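Please read the structure below before turning to the comments.
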Amino acid sequence: QVRLVDTGGGLAQAGDSLRLSCKATGRTFSANARGWFRAAPGQDREFVAGIQKSAGSEYVAASVRGRFTIARDKNDTNTVYLQMDRLKPEDTAVYYCAAGYISQSFMLARPSSYHSWGQGTRVTVSS
């Protein structure tokens, strides 16, 4: 399995930026894609962004497009970042990193496509 550690959450004010990190260790060869999801209190887990290693393609949910970007570390392909700019109070949630072997890009948005998950990092945005 792949072990994921996601970090970088915290308190922010509306308009601020945060960068979340997801470091993978273990059987990293078993995953060719990484995703970020979030879960607000009382809500289902929501896809935020995903990236496929081979295709080099990034996908970002419409709800955060233009504000959030996903990228791999140029020096460590096992680390993926979620850059969150112009944060809004509605971005408040626990953010989870996920890893999986995904062949079709449309599957990036499905939680069931991933076999490994991080412990989550909480982001709280105040107005």
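Scheme for the structure tokens: letters A, B, ... for chains in order shown; per-chain residue numbers from 1; ligand numbers from 1 in order shown.
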Contact residues around Leu82 in chain A with only C-alpha atoms at 10 Å, ignoring same-chain residues under 5 positions, as an MDAnalysis selection string: chainID A and resid 8 18:22 35:36 48:50 68:72 95 97
Residue neighbourhood His115 in chain A, 9 Å, only C-alpha atoms, exclusion window fewer than 3 positions, as JSON, numbers by chain: {"A": [1, 2, 31, 98, 99, 100, 101, 111, 112]}
DSSP strand (DSSP E) residues within range 8-86 of chain A, listed as a ChimeraX atom specification: /A:10-13,18-26,33-39,46-52,58-60,68-72,79-84
Interatomic distance, CA of Ala24 in chain A to CA of Arg3 in chain A (Å, one decimal): 5.6 Å
Extract, using only C-alpha atoms, all DNA, RNA and protein residues at most 12 Å from range 105-108 of chain A, discarding same-chain residues fewer than 6 positions from it, and format them as an mmCIF file with all heavy atoms, in the first residue's frame.
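Writing the result to out.cif gives the following:
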```cif
data_model
loop_
_atom_site.group_PDB
_atom_site.id
_atom_site.type_symbol
_atom_site.label_atom_id
_atom_site.label_comp_id
_atom_site.auth_asym_id
_atom_site.auth_seq_id
_atom_site.Cartn_x
_atom_site.Cartn_y
_atom_site.Cartn_z
ATOM 1 N N ASN A 32 -0.595 5.789 -10.036
ATOM 2 C CA ASN A 32 -0.156 6.699 -11.090
ATOM 3 C C ASN A 32 -0.939 8.007 -11.068
ATOM 4 O O ASN A 32 -0.786 8.842 -11.966
ATOM 5 C CB ASN A 32 -0.314 6.045 -12.465
ATOM 6 C CG ASN A 32 -1.764 5.897 -12.869
ATOM 7 O OD1 ASN A 32 -2.665 5.916 -12.023
ATOM 8 N ND2 ASN A 32 -2.008 5.772 -14.159
ATOM 9 N N ALA A 33 -1.770 8.140 -10.053
ATOM 10 C CA ALA A 33 -2.589 9.355 -9.960
ATOM 11 C C ALA A 33 -2.729 9.775 -8.508
ATOM 12 O O ALA A 33 -2.658 8.954 -7.584
ATOM 13 C CB ALA A 33 -3.969 9.112 -10.566
ATOM 14 N N ARG A 34 -2.936 11.034 -8.321
ATOM 15 C CA ARG A 34 -3.144 11.586 -6.987
ATOM 16 C C ARG A 34 -4.323 12.547 -7.055
ATOM 17 O O ARG A 34 -4.510 13.244 -8.053
ATOM 18 C CB ARG A 34 -1.879 12.335 -6.541
ATOM 19 C CG ARG A 34 -1.721 12.498 -5.073
ATOM 20 C CD ARG A 34 -1.300 11.220 -4.386
ATOM 21 N NE ARG A 34 0.028 10.802 -4.817
ATOM 22 C CZ ARG A 34 1.148 11.307 -4.285
ATOM 23 N NH1 ARG A 34 1.110 12.187 -3.323
ATOM 24 N NH2 ARG A 34 2.319 10.883 -4.727
ATOM 25 N N GLY A 35 -5.086 12.545 -5.981
ATOM 26 C CA GLY A 35 -6.236 13.442 -5.933
ATOM 27 C C GLY A 35 -6.344 14.147 -4.594
ATOM 28 O O GLY A 35 -5.779 13.688 -3.599
ATOM 29 N N TRP A 36 -7.032 15.247 -4.615
ATOM 30 C CA TRP A 36 -7.390 15.967 -3.390
ATOM 31 C C TRP A 36 -8.908 16.014 -3.300
ATOM 32 O O TRP A 36 -9.591 16.349 -4.278
ATOM 33 C CB TRP A 36 -6.838 17.387 -3.404
ATOM 34 C CG TRP A 36 -5.380 17.501 -3.119
ATOM 35 C CD1 TRP A 36 -4.372 17.642 -4.024
ATOM 36 C CD2 TRP A 36 -4.754 17.494 -1.829
ATOM 37 N NE1 TRP A 36 -3.162 17.720 -3.385
ATOM 38 C CE2 TRP A 36 -3.362 17.627 -2.030
ATOM 39 C CE3 TRP A 36 -5.223 17.375 -0.522
ATOM 40 C CZ2 TRP A 36 -2.445 17.652 -0.983
ATOM 41 C CZ3 TRP A 36 -4.312 17.399 0.520
ATOM 42 C CH2 TRP A 36 -2.944 17.538 0.290
ATOM 43 N N PHE A 37 -9.404 15.668 -2.148
ATOM 44 C CA PHE A 37 -10.828 15.739 -1.853
ATOM 45 C C PHE A 37 -11.002 16.564 -0.579
ATOM 46 O O PHE A 37 -10.043 16.762 0.165
ATOM 47 C CB PHE A 37 -11.413 14.339 -1.639
ATOM 48 C CG PHE A 37 -11.460 13.500 -2.887
ATOM 49 C CD1 PHE A 37 -10.316 12.908 -3.391
ATOM 50 C CD2 PHE A 37 -12.661 13.306 -3.562
ATOM 51 C CE1 PHE A 37 -10.351 12.140 -4.549
ATOM 52 C CE2 PHE A 37 -12.722 12.535 -4.712
ATOM 53 C CZ PHE A 37 -11.556 11.950 -5.204
ATOM 54 N N GLU A 46 -15.909 15.619 -1.363
ATOM 55 C CA GLU A 46 -16.032 16.301 -2.653
ATOM 56 C C GLU A 46 -14.688 16.328 -3.355
ATOM 57 O O GLU A 46 -13.665 16.643 -2.725
ATOM 58 C CB GLU A 46 -16.524 17.739 -2.407
ATOM 59 C CG GLU A 46 -16.532 18.630 -3.621
ATOM 60 C CD GLU A 46 -16.751 20.101 -3.266
ATOM 61 O OE1 GLU A 46 -16.500 20.478 -2.106
ATOM 62 O OE2 GLU A 46 -17.151 20.867 -4.160
ATOM 63 N N PHE A 47 -14.687 16.027 -4.641
ATOM 64 C CA PHE A 47 -13.468 16.093 -5.430
ATOM 65 C C PHE A 47 -13.035 17.548 -5.572
ATOM 66 O O PHE A 47 -13.850 18.430 -5.855
ATOM 67 C CB PHE A 47 -13.706 15.484 -6.810
ATOM 68 C CG PHE A 47 -12.574 15.683 -7.784
ATOM 69 C CD1 PHE A 47 -11.406 14.953 -7.653
ATOM 70 C CD2 PHE A 47 -12.686 16.589 -8.823
ATOM 71 C CE1 PHE A 47 -10.358 15.118 -8.556
ATOM 72 C CE2 PHE A 47 -11.656 16.769 -9.730
ATOM 73 C CZ PHE A 47 -10.488 16.031 -9.596
ATOM 74 N N VAL A 48 -11.737 17.786 -5.413
ATOM 75 C CA VAL A 48 -11.183 19.128 -5.558
ATOM 76 C C VAL A 48 -10.257 19.200 -6.773
ATOM 77 O O VAL A 48 -10.400 20.073 -7.631
ATOM 78 C CB VAL A 48 -10.411 19.549 -4.294
ATOM 79 C CG1 VAL A 48 -9.783 20.928 -4.493
ATOM 80 C CG2 VAL A 48 -11.320 19.551 -3.071
ATOM 81 N N ALA A 49 -9.298 18.280 -6.852
ATOM 82 C CA ALA A 49 -8.339 18.306 -7.952
ATOM 83 C C ALA A 49 -7.656 16.960 -8.062
ATOM 84 O O ALA A 49 -7.572 16.208 -7.085
ATOM 85 C CB ALA A 49 -7.302 19.401 -7.751
ATOM 86 N N GLY A 50 -7.170 16.650 -9.263
ATOM 87 C CA GLY A 50 -6.467 15.396 -9.477
ATOM 88 C C GLY A 50 -5.395 15.555 -10.534
ATOM 89 O O GLY A 50 -5.454 16.474 -11.363
ATOM 90 N N ILE A 51 -4.428 14.662 -10.486
ATOM 91 C CA ILE A 51 -3.322 14.718 -11.439
ATOM 92 C C ILE A 51 -2.874 13.302 -11.760
ATOM 93 O O ILE A 51 -2.787 12.443 -10.884
ATOM 94 C CB ILE A 51 -2.154 15.555 -10.879
ATOM 95 C CG1 ILE A 51 -1.067 15.752 -11.925
ATOM 96 C CG2 ILE A 51 -1.594 14.966 -9.596
ATOM 97 C CD1 ILE A 51 -0.037 16.796 -11.523
ATOM 98 N N GLN A 52 -2.605 13.073 -13.054
ATOM 99 C CA GLN A 52 -2.107 11.778 -13.504
ATOM 100 C C GLN A 52 -0.636 11.917 -13.829
ATOM 101 O O GLN A 52 -0.244 12.844 -14.545
ATOM 102 C CB GLN A 52 -2.882 11.305 -14.736
ATOM 103 C CG GLN A 52 -4.312 10.885 -14.439
ATOM 104 C CD GLN A 52 -5.036 10.451 -15.692
ATOM 105 O OE1 GLN A 52 -5.380 11.270 -16.517
ATOM 106 N NE2 GLN A 52 -5.275 9.159 -15.810
ATOM 107 N N LYS A 53 0.162 10.988 -13.351
ATOM 108 C CA LYS A 53 1.602 11.101 -13.504
ATOM 109 C C LYS A 53 2.024 10.980 -14.955
ATOM 110 O O LYS A 53 2.778 11.791 -15.470
ATOM 111 C CB LYS A 53 2.300 10.038 -12.669
ATOM 112 C CG LYS A 53 3.805 10.166 -12.624
ATOM 113 C CD LYS A 53 4.387 9.152 -11.667
ATOM 114 C CE LYS A 53 5.894 9.311 -11.555
ATOM 115 N NZ LYS A 53 6.475 8.341 -10.602
ATOM 116 N N SER A 54 1.524 9.957 -15.655
ATOM 117 C CA SER A 54 1.976 9.696 -17.012
ATOM 118 C C SER A 54 1.495 10.758 -17.984
ATOM 119 O O SER A 54 2.234 11.224 -18.836
ATOM 120 C CB SER A 54 1.513 8.318 -17.460
ATOM 121 O OG SER A 54 0.109 8.234 -17.389
ATOM 122 N N ALA A 55 0.235 11.126 -17.849
ATOM 123 C CA ALA A 55 -0.333 12.099 -18.780
ATOM 124 C C ALA A 55 0.110 13.516 -18.464
ATOM 125 O O ALA A 55 0.080 14.375 -19.326
ATOM 126 C CB ALA A 55 -1.849 12.005 -18.775
ATOM 127 N N GLY A 56 0.503 13.724 -17.205
ATOM 128 C CA GLY A 56 0.884 15.068 -16.809
ATOM 129 C C GLY A 56 -0.272 16.030 -16.833
ATOM 130 O O GLY A 56 -0.080 17.243 -16.947
ATOM 131 N N SER A 57 -1.474 15.481 -16.733
ATOM 132 C CA SER A 57 -2.658 16.332 -16.813
ATOM 133 C C SER A 57 -3.203 16.617 -15.438
ATOM 134 O O SER A 57 -3.191 15.753 -14.560
ATOM 135 C CB SER A 57 -3.726 15.627 -17.648
ATOM 136 O OG SER A 57 -3.261 15.361 -18.948
ATOM 137 N N GLU A 58 -3.656 17.858 -15.266
ATOM 138 C CA GLU A 58 -4.271 18.259 -14.011
ATOM 139 C C GLU A 58 -5.743 18.571 -14.252
ATOM 140 O O GLU A 58 -6.105 19.125 -15.293
ATOM 141 C CB GLU A 58 -3.582 19.509 -13.436
ATOM 142 C CG GLU A 58 -2.091 19.355 -13.207
ATOM 143 C CD GLU A 58 -1.278 19.866 -14.380
ATOM 144 O OE1 GLU A 58 -1.678 20.855 -14.990
ATOM 145 O OE2 GLU A 58 -0.244 19.259 -14.683
ATOM 146 N N TYR A 59 -6.552 18.188 -13.279
ATOM 147 C CA TYR A 59 -7.981 18.444 -13.363
ATOM 148 C C TYR A 59 -8.416 19.098 -12.066
ATOM 149 O O TYR A 59 -8.077 18.630 -10.989
ATOM 150 C CB TYR A 59 -8.742 17.149 -13.611
ATOM 151 C CG TYR A 59 -8.351 16.493 -14.905
ATOM 152 C CD1 TYR A 59 -7.275 15.604 -14.959
ATOM 153 C CD2 TYR A 59 -9.023 16.781 -16.087
ATOM 154 C CE1 TYR A 59 -6.882 15.028 -16.148
ATOM 155 C CE2 TYR A 59 -8.646 16.197 -17.285
ATOM 156 C CZ TYR A 59 -7.569 15.320 -17.315
ATOM 157 O OH TYR A 59 -7.179 14.755 -18.494
ATOM 158 N N VAL A 60 -9.178 20.162 -12.188
ATOM 159 C CA VAL A 60 -9.624 20.913 -11.023
ATOM 160 C C VAL A 60 -11.132 21.068 -11.083
ATOM 161 O O VAL A 60 -11.686 21.357 -12.141
ATOM 162 C CB VAL A 60 -8.949 22.301 -10.976
ATOM 163 C CG1 VAL A 60 -9.395 23.074 -9.745
ATOM 164 C CG2 VAL A 60 -7.428 22.157 -10.975
ATOM 165 N N ALA A 61 -11.793 20.859 -9.954
ATOM 166 C CA ALA A 61 -13.248 20.983 -9.895
ATOM 167 C C ALA A 61 -13.676 22.406 -10.234
ATOM 168 O O ALA A 61 -12.982 23.370 -9.919
ATOM 169 C CB ALA A 61 -13.739 20.607 -8.501
ATOM 170 N N ALA A 98 -5.296 11.538 -1.827
ATOM 171 C CA ALA A 98 -5.569 10.160 -2.175
ATOM 172 C C ALA A 98 -4.658 9.720 -3.310
ATOM 173 O O ALA A 98 -4.223 10.550 -4.113
ATOM 174 C CB ALA A 98 -7.029 9.987 -2.574
ATOM 175 N N ALA A 99 -4.389 8.417 -3.370
ATOM 176 C CA ALA A 99 -3.548 7.852 -4.429
ATOM 177 C C ALA A 99 -4.232 6.626 -5.014
ATOM 178 O O ALA A 99 -4.861 5.850 -4.300
ATOM 179 C CB ALA A 99 -2.179 7.482 -3.884
ATOM 180 N N TYR A 114 -9.563 5.455 -5.792
ATOM 181 C CA TYR A 114 -8.322 5.561 -5.020
ATOM 182 C C TYR A 114 -8.230 4.459 -3.973
ATOM 183 O O TYR A 114 -9.218 4.116 -3.327
ATOM 184 C CB TYR A 114 -8.236 6.927 -4.354
ATOM 185 C CG TYR A 114 -8.242 8.068 -5.349
ATOM 186 C CD1 TYR A 114 -9.440 8.599 -5.814
ATOM 187 C CD2 TYR A 114 -7.057 8.606 -5.830
ATOM 188 C CE1 TYR A 114 -9.454 9.627 -6.739
ATOM 189 C CE2 TYR A 114 -7.056 9.644 -6.750
ATOM 190 C CZ TYR A 114 -8.259 10.149 -7.201
ATOM 191 O OH TYR A 114 -8.254 11.171 -8.118
#
```
Spatial neighbours of range 39-43 of chain A, 12 Å, only C-alpha atoms, chain gap at least 4 places, as JSON, numbers by chain: {"A": [47, 48, 89, 90, 91, 92, 93, 94, 95, 96, 97, 111, 120, 121, 122, 123, 124, 125]}
Restricting the output to N, CA, C and O atoms, write the selected residues as a PDB file, in the first residue's frame.
```pdb
ATOM      1  N   PHE A  47     -14.687  16.027  -4.641  1.00  0.00           N
ATOM      2  CA  PHE A  47     -13.468  16.093  -5.430  1.00  0.00           C
ATOM      3  C   PHE A  47     -13.035  17.548  -5.572  1.00  0.00           C
ATOM      4  O   PHE A  47     -13.850  18.430  -5.855  1.00  0.00           O
ATOM      5  N   VAL A  48     -11.737  17.786  -5.413  1.00  0.00           N
ATOM      6  CA  VAL A  48     -11.183  19.128  -5.558  1.00  0.00           C
ATOM      7  C   VAL A  48     -10.257  19.200  -6.773  1.00  0.00           C
ATOM      8  O   VAL A  48     -10.400  20.073  -7.631  1.00  0.00           O
ATOM      9  N   PRO A  89     -14.736  31.414   2.813  1.00  0.00           N
ATOM     10  CA  PRO A  89     -15.247  30.646   3.963  1.00  0.00           C
ATOM     11  C   PRO A  89     -15.816  29.289   3.557  1.00  0.00           C
ATOM     12  O   PRO A  89     -15.701  28.319   4.315  1.00  0.00           O
ATOM     13  N   GLU A  90     -16.386  29.192   2.363  1.00  0.00           N
ATOM     14  CA  GLU A  90     -16.952  27.914   1.919  1.00  0.00           C
ATOM     15  C   GLU A  90     -15.890  26.878   1.575  1.00  0.00           C
ATOM     16  O   GLU A  90     -16.216  25.720   1.283  1.00  0.00           O
ATOM     17  N   ASP A  91     -14.627  27.266   1.595  1.00  0.00           N
ATOM     18  CA  ASP A  91     -13.544  26.301   1.411  1.00  0.00           C
ATOM     19  C   ASP A  91     -13.200  25.580   2.715  1.00  0.00           C
ATOM     20  O   ASP A  91     -12.363  24.666   2.715  1.00  0.00           O
ATOM     21  N   THR A  92     -13.830  25.977   3.794  1.00  0.00           N
ATOM     22  CA  THR A  92     -13.594  25.329   5.084  1.00  0.00           C
ATOM     23  C   THR A  92     -13.994  23.865   5.022  1.00  0.00           C
ATOM     24  O   THR A  92     -15.120  23.531   4.671  1.00  0.00           O
ATOM     25  N   ALA A  93     -13.038  22.992   5.329  1.00  0.00           N
ATOM     26  CA  ALA A  93     -13.264  21.550   5.245  1.00  0.00           C
ATOM     27  C   ALA A  93     -12.010  20.831   5.713  1.00  0.00           C
ATOM     28  O   ALA A  93     -10.963  21.448   5.929  1.00  0.00           O
ATOM     29  N   VAL A  94     -12.139  19.526   5.849  1.00  0.00           N
ATOM     30  CA  VAL A  94     -10.964  18.674   6.006  1.00  0.00           C
ATOM     31  C   VAL A  94     -10.573  18.210   4.604  1.00  0.00           C
ATOM     32  O   VAL A  94     -11.410  17.685   3.870  1.00  0.00           O
ATOM     33  N   TYR A  95      -9.315  18.411   4.270  1.00  0.00           N
ATOM     34  CA  TYR A  95      -8.812  18.063   2.946  1.00  0.00           C
ATOM     35  C   TYR A  95      -8.016  16.766   3.032  1.00  0.00           C
ATOM     36  O   TYR A  95      -7.167  16.590   3.912  1.00  0.00           O
ATOM     37  N   TYR A  96      -8.298  15.871   2.097  1.00  0.00           N
ATOM     38  CA  TYR A  96      -7.672  14.560   2.061  1.00  0.00           C
ATOM     39  C   TYR A  96      -6.928  14.359   0.745  1.00  0.00           C
ATOM     40  O   TYR A  96      -7.458  14.658  -0.328  1.00  0.00           O
ATOM     41  N   CYS A  97      -5.755  13.826   0.867  1.00  0.00           N
ATOM     42  CA  CYS A  97      -4.991  13.414  -0.295  1.00  0.00           C
ATOM     43  C   CYS A  97      -5.277  11.937  -0.553  1.00  0.00           C
ATOM     44  O   CYS A  97      -5.478  11.166   0.392  1.00  0.00           O
ATOM     45  N   PRO A 111     -14.100   8.989  -5.605  1.00  0.00           N
ATOM     46  CA  PRO A 111     -13.357   8.496  -4.437  1.00  0.00           C
ATOM     47  C   PRO A 111     -13.041   7.003  -4.535  1.00  0.00           C
ATOM     48  O   PRO A 111     -11.976   6.565  -4.085  1.00  0.00           O
ATOM     49  N   GLY A 120      -5.909  13.432   6.462  1.00  0.00           N
ATOM     50  CA  GLY A 120      -6.682  14.661   6.367  1.00  0.00           C
ATOM     51  C   GLY A 120      -6.005  15.818   7.084  1.00  0.00           C
ATOM     52  O   GLY A 120      -5.345  15.631   8.109  1.00  0.00           O
ATOM     53  N   THR A 121      -6.189  16.999   6.530  1.00  0.00           N
ATOM     54  CA  THR A 121      -5.669  18.204   7.163  1.00  0.00           C
ATOM     55  C   THR A 121      -6.780  19.258   7.110  1.00  0.00           C
ATOM     56  O   THR A 121      -7.410  19.456   6.075  1.00  0.00           O
ATOM     57  N   ARG A 122      -7.016  19.898   8.248  1.00  0.00           N
ATOM     58  CA  ARG A 122      -8.175  20.790   8.365  1.00  0.00           C
ATOM     59  C   ARG A 122      -7.816  22.192   7.900  1.00  0.00           C
ATOM     60  O   ARG A 122      -6.790  22.753   8.283  1.00  0.00           O
ATOM     61  N   VAL A 123      -8.714  22.744   7.099  1.00  0.00           N
ATOM     62  CA  VAL A 123      -8.592  24.131   6.642  1.00  0.00           C
ATOM     63  C   VAL A 123      -9.817  24.891   7.119  1.00  0.00           C
ATOM     64  O   VAL A 123     -10.951  24.473   6.860  1.00  0.00           O
ATOM     65  N   THR A 124      -9.591  25.990   7.817  1.00  0.00           N
ATOM     66  CA  THR A 124     -10.679  26.825   8.305  1.00  0.00           C
ATOM     67  C   THR A 124     -10.458  28.242   7.801  1.00  0.00           C
ATOM     68  O   THR A 124      -9.414  28.835   8.055  1.00  0.00           O
ATOM     69  N   VAL A 125     -11.447  28.738   7.073  1.00  0.00           N
ATOM     70  CA  VAL A 125     -11.349  30.071   6.492  1.00  0.00           C
ATOM     71  C   VAL A 125     -12.413  30.963   7.125  1.00  0.00           C
ATOM     72  O   VAL A 125     -13.602  30.652   7.068  1.00  0.00           O
TER      73      VAL A 125
END
```
Pairwise distance for CA of Asn75 in chain A and CA of Gly26 in chain A, rounded to one decimal in Å: 17.8 Å
